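Colleague: Take this structure first; my questions come after.
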Amino acid sequence: MGELFVKERQIVVPGDKLASGMDYLPAGGAYRDGEEIRSSVVGILGINGRVLRVIALKTHYNPRPGDMVIAKITDMTNSLWFAKVDSFRDGLMTLREVPEYVDDGADLTQFYNFGDYVLAKVAAVGRTNLMLTLKGPGLRKISGGRIIEINSAKVPRVIGKQGSMISLLKDKTGCRIIVGQNGLVWVQGAPEHELVAVDAINYINEKGHLQGLTDKVSDLLDKAMKNVVVHDSEEKPQKDKPKKKAKEESDDEEEAPTRRAAGKKAKKTAKRGSKK
Amino acid sequence: MAKVIKEHIHSLLEKGLRQDGRKLLDYRKDISVEYGISPKSAEGSARVRIGETEVVAGVKLGMSTPYPDQQDSGSIMFGAELSPIASDRFEMGPPSIESIEIARVVDRGIRESGAIDFKKLCVKKGEKVWQICVDMYPINDAGNLRDACSLAALAAMKDAKFPEFDKVTGIVNYEKKTKTSLPLTDEPIEVTVLKINNDFVIDPSCEEEEFLDARLTTAFLKDGAICAMQKGGKGALSTEDIGKMVKIASDNVKLLRKAL
């Protein structure tokens with residue numbers, strides 16, 4: 001009968017035997033090799049009944065329609081912008097997909113220039129390119145703050161269950177944070193608090209596979225925030241936090257989109273677009 | 001060139017801060033030098049780490065004929081290979097301008113210091129001299145490759161031992177190393193100071209290097225004398241700027257020298 005060779009949450013490497021026999025089923029990150037089930041990635045084993053799944057420690061970003069991403073404008077023609085979404089595909093953003101009215105023959109750099117970062121949504125994914133859109137609530141050009149890079153496999157860890165981790169980060173540091181599904185994270189706040197938030201996000205990026213992550217990050221944030229010396233006396237993030245939070249509430253949905261639902265919507269709009 | 005990042009760096013600098021939490025003139029604390037990391041393939045080798053930045057350098061000693069205008073002196077060559085392993089900014093193929101500059105500036109620092117007596121590298125006048133090849137391979141670029149390369153090259157040269165040379169047959173036996181080191185009389189070390197938006201910054205990160213206005217690399221001898229310089233970047237430097245930058249650099253050489 002079926003036999004399991006590794007424990008749950010154990011780290012496995014490609015080719016590792018996970019189980020033998022037909023009792024178990026391979027899911028993402030695992031494959032069947034005759035009688036055996038093997039891992040195809042470096043990751044942590046998850047067991048759900050008969051289903052074996054390996055959650056990769058690191059992955060490249062695999063875009064799906066409806067994903068919120070932070071993209072960098074790298075090139076433009078007279079009718080569209082090219083944006084790097086950090087996958088091998090070219091991100092394309094046509095004139096129709098931006099909220100501004102762009103006149104025929106207008107200088108596109110006036111709207112989105114080389115090197116600008118935009119908060120965009122993936123509308124459709126093709127074989128060699130993907131379509132981006134800036135039409136939607138909260139989608140915009142990014143100004144202020146800083147952008148850091150994490151592995152896209154760790155994005156769910158930074159957001160947490162029902163956004164628990166991200167709201168912890170926001171509450172404790174008073175920073176505004178937006179996580180793109182492609183692993184780019186935008187952080188804005190008082191310089192010292194920004195630094196604490198960035199350190200915490202980098203910590204999650206490195207130690208995201210460990211258990212009890214939320215508690216560890218919480219401790220880390222508490223310790224770091226205690227040591228923060230605010231240089232600029234005008235900035236007191238503790239006081240204007242409630243105000244900011246209210247503002248953030250509307251932003252929250254954009255950060256942890258229910259991928260499936262959003263994906264369906266985007267697909268619909270994309271289809272409509274192509275019919276025209 | 002991302003405007004957001006540039007503005008962020010500038011706004012932090014105005015407050016005397018940097019993206020990684022250091023002050024403007026804070027060198028990264030974790031500087032380490034490892035000697036003899038590749039004893040079988042190179043006559044001398046070293047690995048230098050400055051924070052996350054890592055450079056490996058190797059010294060090969062070969063027998064060659066002297067240059068026609070210097071019949072009685074050996075020669076030295078420097079090379080820097082910026083391969084994609086270090087950063088996604090680098091590509092395979094012919095050497096980039098950046099890699100040529102790094103190699104030449106390190107070369108200048110060591111050659112012009114007079115730390116090597118090339119006459120001592122002569123085996124037989126007009127026929128046989130030692131040629132020193134120093135290669136620098138950045139393994140990870142987390143900023144400030146220049147200082148790291150300079151330190152790695154010097155460390156590898158300090159580590160180098162001559163291979164056995166048979167004067168009768170004229171064959172170099174690389175299997176056996178003698179106990180003779182390179183004739184190094186001094187230790188020139190380079191320190192780079194950046195000017196960004198009227199602020200001076202030392203030991204830059206990759207982002208800071210991308211948005212620099214000007215940079216000045218200065219090489220110092222053990223006694224603090226300056227032996228080489230290189231200015232880079234599009235921005236201009238006034239006389240006072242240069243004075244200040246050299247002062248900042250000279251204050252920080254001892255940090256790197258301590259790691260040797």
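A note on labels: chains of the structure tokens are A, B, ... as shown, every chain counts residues from 1, and ligands are counted from 1 in their shown order.
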Starting from chain A, keep only residues with some atom at most 6 Å from an atom of chain B, counting only C-alpha atoms, and report them as an MDAnalysis selection string.
Modeller: chainID A and resid 115:116 143:144
Colleague: Those same residues - N, CA and C atoms - I'd like them written as an mmCIF file, in the first residue's frame.
Modeller:
```cif
data_model
loop_
_atom_site.group_PDB
_atom_site.id
_atom_site.type_symbol
_atom_site.label_atom_id
_atom_site.label_comp_id
_atom_site.auth_asym_id
_atom_site.auth_seq_id
_atom_site.Cartn_x
_atom_site.Cartn_y
_atom_site.Cartn_z
ATOM 1 N N GLY A 115 10.978 54.654 -16.635
ATOM 2 C CA GLY A 115 11.394 54.531 -15.247
ATOM 3 C C GLY A 115 10.291 54.782 -14.236
ATOM 4 N N ASP A 116 9.128 55.224 -14.697
ATOM 5 C CA ASP A 116 8.016 55.393 -13.771
ATOM 6 C C ASP A 116 7.504 54.020 -13.334
ATOM 7 N N SER A 143 3.940 57.602 -6.843
ATOM 8 C CA SER A 143 4.826 58.729 -6.554
ATOM 9 C C SER A 143 5.145 58.719 -5.068
ATOM 10 N N GLY A 144 6.373 59.052 -4.746
ATOM 11 C CA GLY A 144 6.808 59.039 -3.354
ATOM 12 C C GLY A 144 7.084 57.635 -2.870
#
```
Colleague: So that I can see what lies close to segment 81-84 of chain A, please list as a PyMOL selection string the residues with an atom at most 12 Å from it, counting only C-alpha atoms and leaving out residues fewer than 5 positions away in the same chain.
Modeller: chain A and resi 61+69-76+89-98+107-109+111-122+129-134+182+184
Colleague: In Å, rounded to a single decimal, give me how far atom CA of Ala42 of chain B is from atom CA of Lys161 of chain B.
Modeller: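 Going from atom CA of Lys161 of chain B over to atom CA of Ala42 of chain B, I get 9.4 Å.
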Colleague: Using only C-alpha atoms, determine which residues lie at most 12 Å from Lys195 of chain B, disregarding the query and same-chain residues fewer than 3 positions distant; provide the list as a VMD selection string.
Modeller: chain B and resid 10 13 24 to 25 192 198 to 204 208 to 217 231 to 238 241 to 242 244 to 246 248
Colleague: Run DSSP on the backbone and grab whatever in segment 61-148 of chain A lands in strand (DSSP E or B); send it over as a count of residues only.
Modeller: 38
Colleague: As an exercise, work out the distance from atom CA of Lys125 of chain B to atom CA of Gly74 of chain B in Å and give it to one decimal place.
Modeller: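 That distance, rounded to one decimal, is 9.8 Å.
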Colleague: So that I can see what lies close to segment 217-225 of chain A, please list as number ranges by chain the residues with an atom at most 12 Å from it, counting only C-alpha atoms and leaving out residues fewer than 6 positions away in the same chain.
Modeller: A: 157-158, 160, 164-174, 190, 192-208, 210-211, 237-238
Colleague: Could you turn the residues from that selection into a file that holds C-alpha atoms, as a PDB file, in the first residue's frame?
Modeller:
```
ATOM      1  CA  ARG A 157       3.387  35.479   3.317  1.00  0.00           C
ATOM      2  CA  VAL A 158       3.724  39.269   3.295  1.00  0.00           C
ATOM      3  CA  GLY A 160      -0.923  36.885   5.326  1.00  0.00           C
ATOM      4  CA  SER A 164      -3.313  39.717   8.634  1.00  0.00           C
ATOM      5  CA  MET A 165       0.410  40.226   8.051  1.00  0.00           C
ATOM      6  CA  ILE A 166       0.061  43.326   5.924  1.00  0.00           C
ATOM      7  CA  SER A 167      -2.291  44.984   8.383  1.00  0.00           C
ATOM      8  CA  LEU A 168       0.137  44.132  11.184  1.00  0.00           C
ATOM      9  CA  LEU A 169       2.935  45.810   9.233  1.00  0.00           C
ATOM     10  CA  LYS A 170       0.785  48.843   8.518  1.00  0.00           C
ATOM     11  CA  ASP A 171      -0.514  49.200  12.067  1.00  0.00           C
ATOM     12  CA  LYS A 172       2.848  48.899  13.770  1.00  0.00           C
ATOM     13  CA  THR A 173       4.872  51.048  11.412  1.00  0.00           C
ATOM     14  CA  GLY A 174       2.252  53.527  10.273  1.00  0.00           C
ATOM     15  CA  ALA A 190       8.377  58.501   7.795  1.00  0.00           C
ATOM     16  CA  GLU A 192      12.682  55.715  10.111  1.00  0.00           C
ATOM     17  CA  HIS A 193       9.406  53.820  10.053  1.00  0.00           C
ATOM     18  CA  GLU A 194       9.843  53.001   6.400  1.00  0.00           C
ATOM     19  CA  LEU A 195      13.123  51.357   7.311  1.00  0.00           C
ATOM     20  CA  VAL A 196      11.486  49.220   9.989  1.00  0.00           C
ATOM     21  CA  ALA A 197       8.810  48.123   7.522  1.00  0.00           C
ATOM     22  CA  VAL A 198      11.404  47.321   4.857  1.00  0.00           C
ATOM     23  CA  ASP A 199      13.473  45.300   7.319  1.00  0.00           C
ATOM     24  CA  ALA A 200      10.387  43.353   8.351  1.00  0.00           C
ATOM     25  CA  ILE A 201       9.408  42.647   4.747  1.00  0.00           C
ATOM     26  CA  ASN A 202      12.937  41.484   3.962  1.00  0.00           C
ATOM     27  CA  TYR A 203      12.765  39.259   7.044  1.00  0.00           C
ATOM     28  CA  ILE A 204       9.556  37.697   5.739  1.00  0.00           C
ATOM     29  CA  ASN A 205      11.215  37.275   2.353  1.00  0.00           C
ATOM     30  CA  GLU A 206      14.011  35.282   3.973  1.00  0.00           C
ATOM     31  CA  LYS A 207      12.201  33.442   6.753  1.00  0.00           C
ATOM     32  CA  GLY A 208       8.737  33.244   5.234  1.00  0.00           C
ATOM     33  CA  LEU A 210       8.969  29.194   9.066  1.00  0.00           C
ATOM     34  CA  GLN A 211       6.021  28.571  11.337  1.00  0.00           C
ATOM     35  CA  PRO A 237       3.026  58.835  12.775  1.00  0.00           C
ATOM     36  CA  GLN A 238       1.341  57.598  15.949  1.00  0.00           C
TER      37      GLN A 238
END
```
Colleague: As a list of chain:residue names, please: the residues near Ile100 of chain B (cut-off 12 Å, only C-alpha atoms, same-chain neighbours under 5 positions excluded).
Modeller: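 Returned residues: B:Met77, B:Phe78, B:Gly79, B:Ala80, B:Glu81, B:Leu82, B:Pro94, B:Pro95, B:Val105, B:Val106, B:Asp107, B:Asp135, B:Met136, B:Arg146.
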Colleague: Can you measure atom CA of Lys258 of chain B to atom CA of Thr178 of chain B for me? One decimal in Å is fine.
Modeller: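 It comes out at 27.3 Å.
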Colleague: Compile the contact shell of segment 23-36 of chain A as a list in words: residues with an atom at most 7 Å away, counting only C-alpha atoms, same-chain residues fewer than 3 positions apart removed.
Modeller: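 Non-adjacent residues within range: Gly2, Lys17, Ala19, Ser20, Ser39, Ser40, Val41, Arg50, Val51, Leu52, Arg53, Val54 and Ile55 of chain A.
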Colleague: Would you output that residue set with N, CA and C atoms, as a PDB file, in the first residue's frame?
Modeller:
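Once written, out-v6.pdb looks like this:
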```pdb
ATOM      1  N   GLY A   2       0.194   2.348  -0.130  1.00  0.00           N
ATOM      2  CA  GLY A   2       0.926   3.617  -0.233  1.00  0.00           C
ATOM      3  C   GLY A   2       1.751   3.921   1.003  1.00  0.00           C
ATOM      4  N   LYS A  17      11.811  11.531  -3.300  1.00  0.00           N
ATOM      5  CA  LYS A  17      10.651  10.660  -3.238  1.00  0.00           C
ATOM      6  C   LYS A  17       9.735  11.141  -2.122  1.00  0.00           C
ATOM      7  N   ALA A  19       6.251   9.881  -1.841  1.00  0.00           N
ATOM      8  CA  ALA A  19       5.396   8.761  -1.457  1.00  0.00           C
ATOM      9  C   ALA A  19       5.413   7.716  -2.551  1.00  0.00           C
ATOM     10  N   SER A  20       4.978   6.519  -2.212  1.00  0.00           N
ATOM     11  CA  SER A  20       4.848   5.484  -3.241  1.00  0.00           C
ATOM     12  C   SER A  20       3.427   4.942  -3.198  1.00  0.00           C
ATOM     13  N   SER A  39       9.075  15.230  -5.918  1.00  0.00           N
ATOM     14  CA  SER A  39       8.959  16.692  -5.921  1.00  0.00           C
ATOM     15  C   SER A  39       9.623  17.254  -7.168  1.00  0.00           C
ATOM     16  N   SER A  40       9.102  18.333  -7.695  1.00  0.00           N
ATOM     17  CA  SER A  40       9.735  18.959  -8.855  1.00  0.00           C
ATOM     18  C   SER A  40      10.351  20.310  -8.509  1.00  0.00           C
ATOM     19  N   VAL A  41      10.208  20.733  -7.256  1.00  0.00           N
ATOM     20  CA  VAL A  41      10.765  22.030  -6.855  1.00  0.00           C
ATOM     21  C   VAL A  41      11.418  21.924  -5.464  1.00  0.00           C
ATOM     22  N   ARG A  50      -5.230  12.997   0.673  1.00  0.00           N
ATOM     23  CA  ARG A  50      -4.401  12.157  -0.204  1.00  0.00           C
ATOM     24  C   ARG A  50      -3.528  13.012  -1.121  1.00  0.00           C
ATOM     25  N   VAL A  51      -3.761  14.305  -1.090  1.00  0.00           N
ATOM     26  CA  VAL A  51      -3.088  15.174  -2.052  1.00  0.00           C
ATOM     27  C   VAL A  51      -1.770  15.696  -1.479  1.00  0.00           C
ATOM     28  N   LEU A  52      -0.686  15.489  -2.225  1.00  0.00           N
ATOM     29  CA  LEU A  52       0.619  16.001  -1.831  1.00  0.00           C
ATOM     30  C   LEU A  52       0.948  17.219  -2.690  1.00  0.00           C
ATOM     31  N   ARG A  53       1.339  18.284  -2.013  1.00  0.00           N
ATOM     32  CA  ARG A  53       1.640  19.509  -2.735  1.00  0.00           C
ATOM     33  C   ARG A  53       2.949  20.055  -2.190  1.00  0.00           C
ATOM     34  N   VAL A  54       3.833  20.533  -3.075  1.00  0.00           N
ATOM     35  CA  VAL A  54       5.071  21.150  -2.613  1.00  0.00           C
ATOM     36  C   VAL A  54       4.998  22.651  -2.886  1.00  0.00           C
ATOM     37  N   ILE A  55       5.076  23.402  -1.808  1.00  0.00           N
ATOM     38  CA  ILE A  55       5.023  24.856  -1.950  1.00  0.00           C
ATOM     39  C   ILE A  55       6.452  25.364  -2.120  1.00  0.00           C
TER      40      ILE A  55
END
```
Colleague: Report as JSON, numbers by chain all protein, DNA and RNA residues lying within 10 Å of Ala142 of chain B, evaluated on only C-alpha atoms, omitting residues in the same chain fewer than 5 positions from it.
Modeller: {"B": [50, 51, 52, 53, 54, 86, 87, 204, 205, 206, 207]}
Colleague: Could you save the residues just selected, with N, CA and C atoms, as an mmCIF file, in the first residue's frame?
Modeller:
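Now in again19.cif:
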```
data_model
loop_
_atom_site.group_PDB
_atom_site.id
_atom_site.type_symbol
_atom_site.label_atom_id
_atom_site.label_comp_id
_atom_site.auth_asym_id
_atom_site.auth_seq_id
_atom_site.Cartn_x
_atom_site.Cartn_y
_atom_site.Cartn_z
ATOM 1 N N ILE B 50 32.186 42.956 1.521
ATOM 2 C CA ILE B 50 31.787 44.201 2.175
ATOM 3 C C ILE B 50 30.266 44.143 2.232
ATOM 4 N N GLY B 51 29.729 43.843 3.391
ATOM 5 C CA GLY B 51 28.290 43.610 3.480
ATOM 6 C C GLY B 51 27.931 42.437 2.589
ATOM 7 N N GLU B 52 26.987 42.659 1.684
ATOM 8 C CA GLU B 52 26.570 41.598 0.777
ATOM 9 C C GLU B 52 27.432 41.545 -0.480
ATOM 10 N N THR B 53 28.217 42.581 -0.687
ATOM 11 C CA THR B 53 29.087 42.612 -1.859
ATOM 12 C C THR B 53 30.217 41.610 -1.675
ATOM 13 N N GLU B 54 30.474 40.843 -2.728
ATOM 14 C CA GLU B 54 31.509 39.816 -2.627
ATOM 15 C C GLU B 54 32.339 39.803 -3.901
ATOM 16 N N ALA B 86 26.909 38.291 -10.736
ATOM 17 C CA ALA B 86 27.013 39.344 -9.735
ATOM 18 C C ALA B 86 25.785 40.239 -9.713
ATOM 19 N N SER B 87 25.223 40.494 -10.866
ATOM 20 C CA SER B 87 24.100 41.427 -10.929
ATOM 21 C C SER B 87 23.392 41.262 -12.260
ATOM 22 N N PRO B 204 28.662 53.179 -1.370
ATOM 23 C CA PRO B 204 27.292 53.289 -1.883
ATOM 24 C C PRO B 204 26.615 51.945 -2.113
ATOM 25 N N SER B 205 25.288 51.982 -2.135
ATOM 26 C CA SER B 205 24.501 50.821 -2.553
ATOM 27 C C SER B 205 24.330 50.915 -4.067
ATOM 28 N N CYS B 206 23.767 49.869 -4.666
ATOM 29 C CA CYS B 206 23.587 49.870 -6.116
ATOM 30 C C CYS B 206 22.727 51.034 -6.584
ATOM 31 N N GLU B 207 21.649 51.313 -5.828
ATOM 32 C CA GLU B 207 20.755 52.389 -6.225
ATOM 33 C C GLU B 207 21.466 53.730 -6.168
#
```
Colleague: Write down as an MDAnalysis selection string the residues belonging to segment 111-168 of chain B that are assigned helix (DSSP H, G or I) by DSSP computed on the backbone.
Modeller: chainID B and resid 111:113 118:121 145:159
